[in-house]
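Source file: coords_7.cif; contents: mmCIF, C-alpha atoms.
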data_structure
#
loop_
_atom_site.label_atom_id
_atom_site.label_comp_id
_atom_site.auth_asym_id
_atom_site.auth_seq_id
_atom_site.Cartn_x
_atom_site.Cartn_y
_atom_site.Cartn_z
CA MET A 223 5.72 30.92 44.24
CA GLU A 224 3.73 27.79 45.00
CA PHE A 225 5.84 25.85 42.51
CA LEU A 226 9.10 27.00 44.14
CA THR A 227 7.79 26.07 47.57
CA GLY A 228 6.86 22.64 46.28
CA TYR A 229 10.25 22.26 44.61
CA PHE A 230 12.27 23.13 47.71
CA HIS A 231 10.08 20.86 49.84
CA ALA A 232 10.59 17.98 47.38
CA VAL A 233 14.34 18.56 47.38
CA TYR A 234 14.42 18.70 51.17
CA VAL A 235 12.44 15.47 51.53
CA TYR A 236 14.53 13.71 48.87
CA PHE A 237 17.86 14.74 50.40
CA TYR A 238 16.64 13.86 53.91
CA ASN A 239 15.57 10.39 52.78
CA ILE A 240 18.90 9.82 51.04
CA LEU A 241 20.88 10.86 54.13
CA PHE A 242 18.89 9.04 56.79
CA ASN A 243 16.66 6.42 55.15
CA THR A 244 19.01 4.64 52.73
CA THR A 245 21.86 2.19 53.16
CA TRP A 246 25.39 3.00 52.03
CA LEU A 247 24.92 0.67 49.08
CA GLU A 248 21.80 2.54 48.02
CA LYS A 249 23.61 5.87 48.36
CA ILE A 250 26.42 4.59 46.14
CA VAL A 251 24.00 3.31 43.50
CA LEU A 252 22.38 6.76 43.28
CA VAL A 253 25.66 8.34 42.15
CA LEU A 254 27.19 5.27 40.51
CA PRO A 255 27.66 6.85 37.04
CA TYR A 256 29.55 9.71 38.67
CA LEU A 257 31.67 7.31 40.73
CA LEU A 258 32.54 5.29 37.64
CA PHE A 259 33.10 8.06 35.10
CA GLU A 260 34.12 11.24 36.94
CA PHE A 261 35.28 10.50 40.49
CA PRO A 262 38.45 8.60 39.46
CA PHE A 263 39.66 11.71 37.60
CA LEU A 264 38.98 13.91 40.64
CA VAL A 265 40.99 11.63 42.93
CA ALA A 266 43.82 11.19 40.41
CA THR A 267 44.07 14.94 39.87
CA LEU A 268 44.11 15.88 43.55
CA VAL A 269 46.57 13.15 44.54
CA LEU A 270 49.00 13.32 41.61
CA LEU A 271 49.11 17.11 41.29
CA THR A 272 49.42 17.58 45.06
CA LEU A 273 52.46 15.29 44.92
CA LYS A 274 53.77 17.30 41.96
CA TYR A 275 53.20 20.88 43.16
CA ARG A 276 53.62 20.44 46.92
CA PHE A 277 56.23 17.68 47.14
CA GLY A 278 58.12 17.85 43.85
CA PHE A 279 57.20 14.44 42.45
CA PHE A 280 56.80 13.75 38.69
CA GLN A 281 59.00 16.69 37.66
CA LYS A 282 60.27 16.41 34.09
CA LYS A 283 63.92 16.87 33.22
CA ARG A 284 64.84 20.31 31.89
CA ASP A 285 67.89 21.86 30.26
CA PHE A 286 68.07 25.59 29.49
CA SER A 287 71.75 25.53 28.49
CA LEU A 288 71.21 24.50 24.86
CA THR A 289 69.21 26.55 22.39
CA PRO A 290 68.54 24.58 19.18
CA ASP A 291 66.98 26.35 16.22
CA VAL A 292 63.19 26.52 16.41
CA SER A 293 60.77 26.83 13.49
CA VAL A 294 57.23 27.96 14.27
CA ILE A 295 54.65 27.20 11.57
CA VAL A 296 51.77 29.65 11.94
CA THR A 297 48.77 28.37 10.00
CA ALA A 298 46.56 31.32 9.06
CA TYR A 299 43.23 31.30 7.30
CA ASN A 300 40.80 34.03 8.31
CA GLU A 301 42.45 35.89 11.19
CA GLY A 302 42.79 39.24 9.43
CA LYS A 303 44.82 41.75 11.45
CA ASP A 304 44.71 39.47 14.50
CA VAL A 305 47.44 37.32 12.94
CA SER A 306 49.83 40.05 14.05
CA LEU A 307 49.17 39.11 17.70
CA SER A 308 50.61 35.66 17.06
CA ILE A 309 53.61 36.92 15.08
CA VAL A 310 54.54 39.67 17.55
CA SER A 311 54.29 37.33 20.53
CA LEU A 312 56.74 34.99 18.79
CA LEU A 313 59.13 37.77 17.84
CA GLU A 314 59.25 38.92 21.46
CA GLN A 315 60.16 35.54 22.96
CA ASN A 316 63.04 35.62 25.46
CA TYR A 317 64.58 32.53 23.87
CA ARG A 318 68.31 33.01 23.18
CA GLY A 319 68.38 30.81 20.09
CA ASN A 320 67.10 31.28 16.55
CA ILE A 321 63.35 31.38 15.93
CA GLU A 322 62.16 31.01 12.35
CA ILE A 323 58.52 32.08 11.98
CA ILE A 324 56.82 30.60 8.91
CA VAL A 325 53.36 32.01 8.28
CA VAL A 326 51.39 29.89 5.82
CA VAL A 327 48.27 31.73 4.62
CA ASP A 328 45.69 29.26 3.33
CA GLY A 329 43.45 30.53 0.55
CA ALA A 330 45.41 33.77 0.25
CA LYS A 331 43.46 34.77 -2.86
CA ILE A 332 40.27 35.32 -0.84
CA ASN A 333 42.07 35.88 2.45
CA ARG A 334 44.10 38.88 1.40
CA GLU A 335 43.70 40.86 4.63
CA THR A 336 45.48 38.14 6.60
CA TYR A 337 48.15 37.79 3.92
CA ILE A 338 48.81 41.55 3.73
CA GLU A 339 49.00 41.83 7.52
CA ALA A 340 51.48 38.94 7.76
CA LYS A 341 53.65 40.36 4.93
CA LYS A 342 54.30 43.47 7.05
CA PHE A 343 56.55 41.36 9.27
CA GLU A 344 58.43 39.45 6.58
CA GLY A 345 62.23 39.43 6.62
CA ASN A 346 64.98 39.46 9.22
CA ILE A 347 63.16 41.43 11.89
CA ARG A 348 66.04 41.40 14.37
CA LYS A 349 68.85 39.17 15.57
CA ASN A 350 67.79 35.53 15.78
CA ARG A 351 64.29 36.28 14.47
CA THR A 352 63.09 35.82 10.90
CA VAL A 353 59.61 35.82 9.40
CA LYS A 354 58.70 34.10 6.14
CA VAL A 355 55.21 34.37 4.67
CA ILE A 356 54.02 31.65 2.28
CA PRO A 357 50.73 32.21 0.43
CA LYS A 358 48.67 29.22 -0.67
CA TRP A 359 46.46 30.97 -3.16
CA GLU A 360 43.90 28.17 -3.28
CA ARG A 361 42.61 26.78 0.00
CA GLY A 362 43.84 23.28 0.83
CA GLY A 363 43.18 22.89 4.55
CA ARG A 364 45.35 23.08 7.64
CA ALA A 365 47.22 19.81 7.09
CA SER A 366 48.53 21.00 3.72
CA SER A 367 49.61 24.30 5.31
CA LEU A 368 51.51 22.44 8.01
CA ASN A 369 53.23 20.15 5.50
CA LEU A 370 54.25 23.08 3.32
CA GLY A 371 55.63 24.91 6.35
CA GLU A 372 57.46 21.80 7.55
CA LYS A 373 59.21 21.44 4.18
CA GLU A 374 60.48 25.02 4.47
CA ALA A 375 61.42 24.72 8.14
CA THR A 376 65.08 24.45 9.10
CA GLY A 377 64.75 24.20 12.89
CA GLU A 378 65.44 21.09 14.93
CA ILE A 379 62.28 21.77 16.92
CA ILE A 380 59.05 22.55 15.05
CA MET A 381 56.02 24.18 16.61
CA ALA A 382 52.66 24.06 14.84
CA VAL A 383 50.36 26.86 15.98
CA ASP A 384 47.16 28.58 14.91
CA GLY A 385 47.20 32.11 13.54
CA ASP A 386 44.79 33.30 16.25
CA THR A 387 46.99 32.10 19.13
CA SER A 388 49.48 34.31 20.99
CA PHE A 389 52.05 33.19 23.54
CA ASP A 390 53.65 34.05 26.86
CA ILE A 391 57.14 35.50 26.49
CA ASP A 392 58.85 32.40 27.92
CA MET A 393 56.87 29.85 25.89
CA VAL A 394 59.65 28.78 23.52
CA SER A 395 62.38 28.58 26.17
CA ASN A 396 60.14 26.53 28.47
CA ALA A 397 59.00 24.14 25.74
CA VAL A 398 62.49 23.60 24.31
CA SER A 399 64.01 22.94 27.75
CA TYR A 400 62.01 19.71 27.99
CA MET A 401 62.94 18.53 24.49
CA VAL A 402 66.64 19.24 25.05
CA ALA A 403 66.74 17.37 28.36
CA ASP A 404 64.95 14.24 27.16
CA LYS A 405 65.88 12.89 23.72
CA GLN A 406 63.06 10.32 23.90
CA LEU A 407 60.49 13.11 24.09
CA VAL A 408 59.46 13.46 20.45
CA ALA A 409 56.27 15.53 20.69
CA MET A 410 54.54 17.72 23.26
CA SER A 411 51.24 19.49 23.59
CA GLY A 412 51.50 23.11 24.61
CA ASN A 413 49.17 24.54 27.24
CA LEU A 414 46.19 26.58 26.05
CA ARG A 415 44.08 29.20 27.79
CA ILE A 416 41.13 31.22 26.53
CA ARG A 417 42.37 34.71 25.67
CA ASN A 418 38.92 36.32 25.43
CA TRP A 419 37.76 34.70 28.68
CA ASN A 420 36.05 37.84 30.01
CA ARG A 421 34.01 38.68 26.91
CA ASN A 422 30.77 36.95 27.91
CA LEU A 423 29.32 33.86 29.57
CA VAL A 424 30.19 31.59 26.65
CA THR A 425 33.90 32.41 26.82
CA ARG A 426 33.97 32.23 30.62
CA MET A 427 32.58 28.71 30.50
CA GLN A 428 35.24 27.75 27.96
CA ALA A 429 37.93 29.28 30.16
CA ILE A 430 36.88 27.03 33.05
CA GLU A 431 36.64 24.05 30.69
CA TYR A 432 40.14 24.57 29.27
CA ILE A 433 41.56 24.79 32.79
CA LEU A 434 39.96 21.48 33.78
CA SER A 435 40.35 19.57 30.51
CA ILE A 436 43.77 20.86 29.40
CA TYR A 437 45.74 22.54 32.20
CA LEU A 438 44.87 19.92 34.84
CA SER A 439 43.82 16.88 32.83
CA LYS A 440 46.81 16.72 30.50
CA GLN A 441 49.23 16.91 33.41
CA VAL A 442 47.52 13.89 34.96
CA LEU A 443 47.49 11.99 31.66
CA GLU A 444 51.18 12.76 31.12
CA ILE A 445 52.07 11.41 34.57
CA LEU A 446 50.09 8.24 33.78
CA GLY A 447 51.78 7.96 30.37
CA THR A 448 48.52 8.21 28.43
CA LEU A 449 48.50 11.72 26.94
CA ASN A 450 45.42 11.91 24.73
CA ASN A 451 46.24 14.51 22.09
CA ILE A 452 48.88 16.91 20.79
CA SER A 453 46.88 20.11 20.47
CA GLY A 454 46.27 21.33 16.94
CA ALA A 455 46.44 24.96 18.02
CA PHE A 456 49.77 24.44 19.76
CA GLY A 457 51.90 21.35 19.12
CA ILE A 458 55.65 20.88 19.55
CA PHE A 459 57.57 18.27 17.53
CA ARG A 460 61.05 17.14 16.62
CA LYS A 461 61.60 17.68 12.91
CA GLN A 462 63.23 14.26 12.67
CA LEU A 463 59.98 12.67 13.86
CA LEU A 464 57.84 14.61 11.39
CA ASP A 465 60.13 13.57 8.55
CA SER A 466 59.91 9.93 9.68
CA ILE A 467 56.10 9.82 9.64
CA ASN A 468 55.76 12.05 6.54
CA GLY A 469 54.15 14.97 8.35
CA TRP A 470 50.44 15.54 8.68
CA ASP A 471 47.72 13.64 6.84
CA ALA A 472 45.01 15.43 4.87
CA GLY A 473 41.51 15.70 6.26
CA THR A 474 39.91 16.83 9.50
CA ALA A 475 41.27 16.34 13.04
CA GLU A 476 44.86 16.43 11.84
CA ASP A 477 45.99 16.91 15.46
CA LEU A 478 44.41 13.70 16.78
CA ASP A 479 45.45 11.92 13.60
CA ILE A 480 49.14 12.70 14.03
CA THR A 481 48.92 11.86 17.75
CA LEU A 482 47.53 8.41 17.00
CA ARG A 483 50.12 7.86 14.28
CA ILE A 484 52.90 8.70 16.75
CA LYS A 485 51.40 6.28 19.27
CA LYS A 486 51.43 3.57 16.61
CA TYR A 487 55.07 4.46 15.90
CA ARG A 488 55.82 3.41 19.46
CA SER A 489 55.18 -0.19 18.49
CA ILE A 490 58.50 0.09 16.59
CA TYR A 491 60.26 2.53 18.94
CA PRO A 492 58.71 1.84 22.37
CA ARG A 493 60.94 4.29 24.26
CA ILE A 494 59.69 7.45 22.53
CA LYS A 495 57.42 9.65 24.64
CA LEU A 496 54.71 12.28 24.28
CA GLY A 497 54.50 15.08 26.82
CA PHE A 498 52.67 18.16 28.00
CA ALA A 499 54.46 21.47 28.55
CA GLU A 500 52.26 23.06 31.22
CA ASP A 501 54.36 26.24 31.48
CA ALA A 502 54.54 26.78 27.70
CA ILE A 503 51.33 28.78 27.47
CA GLY A 504 49.37 29.90 24.45
CA LEU A 505 46.31 32.14 24.47
CA THR A 506 43.55 31.47 21.96
CA ASP A 507 40.16 33.04 21.31
CA GLY A 508 37.18 30.76 21.94
CA PRO A 509 33.85 31.11 20.10
CA ASP A 510 31.83 33.90 21.73
CA THR A 511 28.36 32.68 20.74
CA TRP A 512 26.52 29.51 21.73
CA LYS A 513 25.94 28.66 18.07
CA GLY A 514 29.63 29.01 17.26
CA LEU A 515 30.65 26.95 20.28
CA LEU A 516 28.22 24.11 19.57
CA LYS A 517 29.20 23.92 15.90
CA GLN A 518 32.89 23.85 16.87
CA ARG A 519 32.29 20.97 19.30
CA GLN A 520 30.14 19.08 16.79
CA ARG A 521 33.12 19.09 14.47
CA TRP A 522 35.52 18.05 17.23
CA ASP A 523 33.28 15.30 18.59
CA GLY A 524 32.29 13.97 15.18
CA ASP A 525 35.98 13.72 14.33
CA LEU A 526 36.47 11.38 17.31
CA VAL A 527 34.12 8.86 15.69
CA TYR A 528 35.85 9.32 12.35
CA MET A 529 39.32 8.81 13.84
CA PHE A 530 38.71 5.97 16.30
CA PHE A 531 36.18 3.91 14.36
CA ARG A 532 37.09 4.56 10.75
CA LYS A 533 40.61 5.79 10.15
CA HIS A 534 42.46 4.33 13.14
CA ARG A 535 40.45 1.29 14.19
CA ASN A 536 43.65 -0.72 14.68
CA ILE A 537 44.68 1.63 17.52
CA PHE A 538 42.71 -0.79 19.73
CA ASN A 539 45.04 -3.63 18.74
CA PHE A 540 47.11 -4.79 21.76
CA SER A 541 50.19 -5.44 19.64
CA ILE A 542 50.14 -1.82 18.46
CA SER A 543 49.10 0.14 21.53
CA GLY A 544 49.80 -2.04 24.56
CA ILE A 545 47.59 -2.86 27.55
CA LYS A 546 47.84 0.52 29.33
CA GLU A 547 47.02 2.53 26.22
CA ILE A 548 44.19 0.21 25.26
CA PHE A 549 42.65 0.50 28.72
CA TYR A 550 42.89 4.30 28.61
CA LEU A 551 41.48 4.52 25.07
CA PHE A 552 38.61 2.21 25.95
CA TYR A 553 37.81 4.10 29.16
CA THR A 554 37.95 7.59 27.64
CA SER A 555 37.04 7.02 23.99
CA ILE A 556 34.38 4.34 24.35
CA ILE A 557 32.96 4.78 27.85
CA GLN A 558 33.38 8.48 28.67
CA GLN A 559 33.11 10.00 25.22
CA PHE A 560 30.44 7.78 23.64
CA LEU A 561 28.67 5.69 26.27
CA LEU A 562 28.27 8.34 28.99
CA PRO A 563 26.13 10.76 26.92
CA VAL A 564 23.88 7.84 25.95
CA VAL A 565 23.56 6.72 29.58
CA ILE A 566 22.71 10.28 30.66
CA LEU A 567 20.03 10.68 27.99
CA VAL A 568 18.43 7.30 28.73
CA TYR A 569 18.57 8.00 32.47
CA TYR A 570 16.71 11.30 32.13
CA ILE A 571 14.11 9.78 29.84
CA TYR A 572 13.56 7.05 32.44
CA LEU A 573 13.13 9.64 35.20
CA PHE A 574 10.50 11.60 33.31
CA LEU A 575 8.58 8.44 32.45
CA HIS A 576 8.50 7.03 35.98
CA PHE A 577 8.41 10.00 38.37
CA ASP A 578 6.39 13.16 38.78
CA ASN A 579 7.98 16.47 37.83
CA LEU A 580 8.92 17.54 41.38
CA SER A 581 10.58 14.21 42.10
CA VAL A 582 12.53 14.45 38.84
CA MET A 583 13.70 17.95 39.75
CA ALA A 584 14.77 16.75 43.19
CA ILE A 585 16.83 13.92 41.65
CA VAL A 586 18.35 16.28 39.07
CA THR A 587 19.23 18.70 41.87
CA LEU A 588 21.16 15.94 43.64
CA ILE A 589 23.09 15.17 40.46
CA TYR A 590 23.75 18.87 39.96
CA VAL A 591 25.08 19.27 43.52
CA VAL A 592 27.44 16.31 43.07
CA TYR A 593 28.91 17.79 39.87
CA LEU A 594 29.04 21.27 41.39
CA ILE A 595 31.13 19.96 44.29
CA HIS A 596 33.33 18.07 41.81
CA THR A 597 33.95 21.15 39.68
CA GLY A 598 34.36 23.48 42.65
CA VAL A 599 36.96 21.27 44.35
CA LEU A 600 39.01 20.92 41.15
CA PHE A 601 38.83 24.60 40.27
CA LEU A 602 39.70 25.86 43.76
CA PHE A 603 42.61 23.40 43.87
CA PHE A 604 43.81 24.85 40.57
CA VAL A 605 43.49 28.47 41.71
CA PHE A 606 45.37 27.99 44.97
CA PHE A 607 48.07 25.52 43.93
CA VAL A 608 48.58 25.63 40.16
CA SER A 609 47.41 28.84 38.48
CA GLU A 610 49.96 31.29 37.09
CA ARG A 611 47.21 33.86 36.44
CA LYS A 612 45.33 33.99 39.71
CA ASN A 613 43.95 37.46 38.93
CA TRP A 614 42.14 35.92 35.92
CA ASP A 615 41.01 32.70 37.52
CA ILE A 616 39.62 34.12 40.78
CA LYS A 617 37.16 36.11 38.67
CA LEU A 618 35.84 32.86 37.19
CA ILE A 619 34.86 31.38 40.57
CA PRO A 620 31.35 32.99 40.62
CA PHE A 621 30.57 31.17 37.35
CA ILE A 622 31.39 27.69 38.68
CA PRO A 623 27.72 27.03 39.65
CA LEU A 624 26.79 27.25 35.94
CA PHE A 625 29.45 24.81 34.79
CA PRO A 626 27.54 21.53 35.45
CA VAL A 627 24.75 22.84 33.21
CA TYR A 628 27.32 23.80 30.57
CA GLY A 629 28.83 20.32 30.79
CA PHE A 630 25.42 18.71 30.30
CA ILE A 631 24.75 20.86 27.22
CA LEU A 632 28.08 19.82 25.70
CA LYS A 633 27.44 16.13 26.39
CA MET A 634 24.09 16.25 24.61
CA ASN A 635 25.73 18.19 21.78
CA SER A 636 28.36 15.42 21.60
CA LEU A 637 25.66 12.78 21.31
CA TYR A 638 24.16 14.65 18.37
CA ALA A 639 27.60 14.93 16.74
CA TYR A 640 28.35 11.22 17.16
CA THR A 641 25.00 10.25 15.65
CA ASP A 642 25.47 12.67 12.77
CA GLU A 643 28.92 11.28 12.01
CA VAL A 644 27.86 7.63 12.20
CA LEU A 645 24.84 8.14 9.94
CA PHE A 646 26.03 10.82 7.52
CA LYS A 647 29.87 11.02 7.75
CA GLN A 648 29.68 14.69 8.52
CA HIS A 649 33.47 15.07 8.59
CA LYS A 650 33.34 15.02 4.79
CA LEU A 651 31.01 18.04 4.83
CA SER A 652 33.04 20.07 7.34
CA SER A 653 33.90 23.64 6.31
CA TYR A 654 37.19 23.12 8.17
CA VAL A 655 38.53 21.22 5.16
CA PRO A 656 37.81 22.11 1.51
CA PRO A 657 35.37 19.69 -0.16
CA TRP A 658 37.90 18.61 -2.78
CA VAL A 659 40.27 17.46 0.02
CA SER A 660 37.50 15.55 1.83
CA ARG A 661 36.45 13.77 -1.36
CA LYS A 662 39.99 12.40 -1.80
CA SER A 663 39.92 10.73 1.62
CA LYS A 664 38.96 7.05 1.45
CA PHE A 665 37.61 7.35 4.99
#

Take the structure I supplied and represent it as structure tokens, if you would.
Amino acid sequence: MEFLTGYFHAVYVYFYNILFNTTWLEKIVLVLPYLLFEFPFLVATLVLLTLKYRFGFFQKKRDFSLTPDVSVIVTAYNEGKDVSLSIVSLLEQNYRGNIEIIVVVDGAKINRETYIEAKKFEGNIRKNRTVKVIPKWERGGRASSLNLGEKEATGEIIMAVDGDTSFDIDMVSNAVSYMVADKQLVAMSGNLRIRNWNRNLVTRMQAIEYILSIYLSKQVLEILGTLNNISGAFGIFRKQLLDSINGWDAGTAEDLDITLRIKKYRSIYPRIKLGFAEDAIGLTDGPDTWKGLLKQRQRWDGDLVYMFFRKHRNIFNFSISGIKEIFYLFYTSIIQQFLLPVVILVYYIYLFLHFDNLSVMAIVTLIYVVYLIHTGVLFLFFVFFVSERKNWDIKLIPFIPLFPVYGFILKMNSLYAYTDEVLFKQHKLSSYVPPWVSRKSKF
């Protein structure tokens, strides 16, 4: 009790001094990292998406009159009976054209439950809907599954999706309408939500994260012309493009890899565009344990180092990417992704070395309040102006106060992943790709 009293008194004194005993310059310096790294995104999101949703700006062209053939490559590995959720949701699409569903089961010899479940749907299920199941008896990784599926695909539009992802009934029609209306649009990222959002705290935090980092963020990046990634769990491509760049490359982070390769392709064809289909919605299960979540993010974050500093170092070449893309890549990939976690860690070490514990807690409380306001403003904006599932998202509001802590945990986890990749090339040891595939990669 005495400690809590001391803590609240320290916080009160600290906040009072900041409000009344500091200059505006000193106030700004206190939250300078936030102002540099996070505040620009808050302003951009509120301004650009208000213009989009309230005043009709930045609307993409659409055309629902044409219905080209669509091939959906479902990459399955260890989904078991849950692969049926993905297949059924694709069979039930309200799209008037043909949908060819190609289920590629990686490592079918040891993954027989998934293979047997997928085989139940094989054949001409009904008009305009076919299912083809391709077993890869030995495991070769997701990229090889995608390339095998792409070779078998006959559709003009190809969707690459995970076997544990299901879809809203209008997903295909919404996604295709953008591609039909704009011939320069060669690839799009579909929108992803967490399907098991209400299972526990871990999945609720991911649900909030996906809303902020995918649903909102990718719309902003699309408007600015700097879309960061075509989602691996849900990507949409023109078959002609995939044929031109020879499909997916082996190894980890095949989604970021193909995105960067498409961006390089723009140095030859500068008019081609990448987009985000916000109303083409997929539902995917997030890890439901802290251990599973942190290991997933270690793989994702380590792959960023592998991609940007080993495999695609020339993406930072002005003649390849252009000034706008270079600025965005430097700001997000170098400063936000890599430098910010280091700055945060050094900052906290400095605090503990130079201030007493109560003063440190008061300073940390200020930082927490700033990020809580940031997250709360963004999330409430989303719920009231953007969300198509308000009954889901309103139930997440009570968990917003925990999100700044969650974000801090992920940043420190990212720092560990970056260090691990730089020192030990952990992408070569990832269980996501079979060892024999990793050994063949020169990177």

Which residues of stretch 499-563 of chain A come within 12 Å of stretch 450-464 of chain A, and for each one, what is the closest pair of atoms and their distance in Å to one decimal, counting all atoms listed in the file, sorted by chain and residue number, as CSV?
residue,atom,partner,partner_atom,distance
A:Ala499,CA,A:Ile458,CA,9.1
A:Glu500,CA,A:Phe456,CA,11.8
A:Ala502,CA,A:Phe456,CA,9.6
A:Ile503,CA,A:Phe456,CA,9.0
A:Gly504,CA,A:Phe456,CA,7.2
A:Leu505,CA,A:Ala455,CA,9.7
A:Thr506,CA,A:Ala455,CA,8.1
A:Asp507,CA,A:Ala455,CA,10.7
A:Gly508,CA,A:Ala455,CA,11.6
A:Trp522,CA,A:Gly454,CA,11.2
A:Leu526,CA,A:Asn451,CA,11.3
A:Glu547,CA,A:Asn450,CA,9.6
A:Ile548,CA,A:Asn450,CA,11.8
A:Tyr550,CA,A:Asn450,CA,8.9
A:Leu551,CA,A:Asn450,CA,8.4
A:Phe552,CA,A:Asn450,CA,11.9
A:Tyr553,CA,A:Asn450,CA,11.8
A:Thr554,CA,A:Asn450,CA,9.1
A:Ser555,CA,A:Asn450,CA,9.7

Written selection (C-alpha atoms) as a PDB file, in the frame of the given file:
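In the end it all went to selection-v9.pdb:
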ATOM      1  CA  ALA A 499      54.460  21.470  28.550  1.00  0.00           C
ATOM      2  CA  GLU A 500      52.260  23.060  31.220  1.00  0.00           C
ATOM      3  CA  ALA A 502      54.540  26.780  27.700  1.00  0.00           C
ATOM      4  CA  ILE A 503      51.330  28.780  27.470  1.00  0.00           C
ATOM      5  CA  GLY A 504      49.370  29.900  24.450  1.00  0.00           C
ATOM      6  CA  LEU A 505      46.310  32.140  24.470  1.00  0.00           C
ATOM      7  CA  THR A 506      43.550  31.470  21.960  1.00  0.00           C
ATOM      8  CA  ASP A 507      40.160  33.040  21.310  1.00  0.00           C
ATOM      9  CA  GLY A 508      37.180  30.760  21.940  1.00  0.00           C
ATOM     10  CA  TRP A 522      35.520  18.050  17.230  1.00  0.00           C
ATOM     11  CA  LEU A 526      36.470  11.380  17.310  1.00  0.00           C
ATOM     12  CA  GLU A 547      47.020   2.530  26.220  1.00  0.00           C
ATOM     13  CA  ILE A 548      44.190   0.210  25.260  1.00  0.00           C
ATOM     14  CA  TYR A 550      42.890   4.300  28.610  1.00  0.00           C
ATOM     15  CA  LEU A 551      41.480   4.520  25.070  1.00  0.00           C
ATOM     16  CA  PHE A 552      38.610   2.210  25.950  1.00  0.00           C
ATOM     17  CA  TYR A 553      37.810   4.100  29.160  1.00  0.00           C
ATOM     18  CA  THR A 554      37.950   7.590  27.640  1.00  0.00           C
ATOM     19  CA  SER A 555      37.040   7.020  23.990  1.00  0.00           C
TER      20      SER A 555
END

- Query: Contacts of stretch 333-346 of chain A at 10 Å or less, counting all atoms listed in the file, minus same-chain residues fewer than 5 places along, as a PyMOL selection string?
  - Reply: chain A and resi 298-306+308-310+313+322-328+351-361+385

- All residues 9 Å or closer to A:Ser366, all atoms listed in the file, same chain fewer than 2 positions away omitted, as a ChimeraX atom specification: /A:328,362-364,368-371,470-472

- Item | Test item: the PyMOL selection byres ((chain A and resi 426) around 10) resolved as number ranges by chain | A: 416, 418-425, 427-432, 508, 510, 615, 617-618, 621-622, 625

- Task: Could you tell me how far atom CA of A:Asp525 lies from atom CA of A:Val408, in Å and to one decimal?
- Result: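 Atom-to-atom, atom CA of A:Asp525 and atom CA of A:Val408 are spaced 24.3 Å apart.
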
- Between atom CA of A:Gly447 and atom CA of A:Ala403 lies a distance of 17.8 Å

- Message: With distances taken over all atoms listed in the file, which residue among A:Ile445, A:Ile589, A:Leu434, A:Leu307 lies nearest A:Leu257?
- Response: A:Ile589
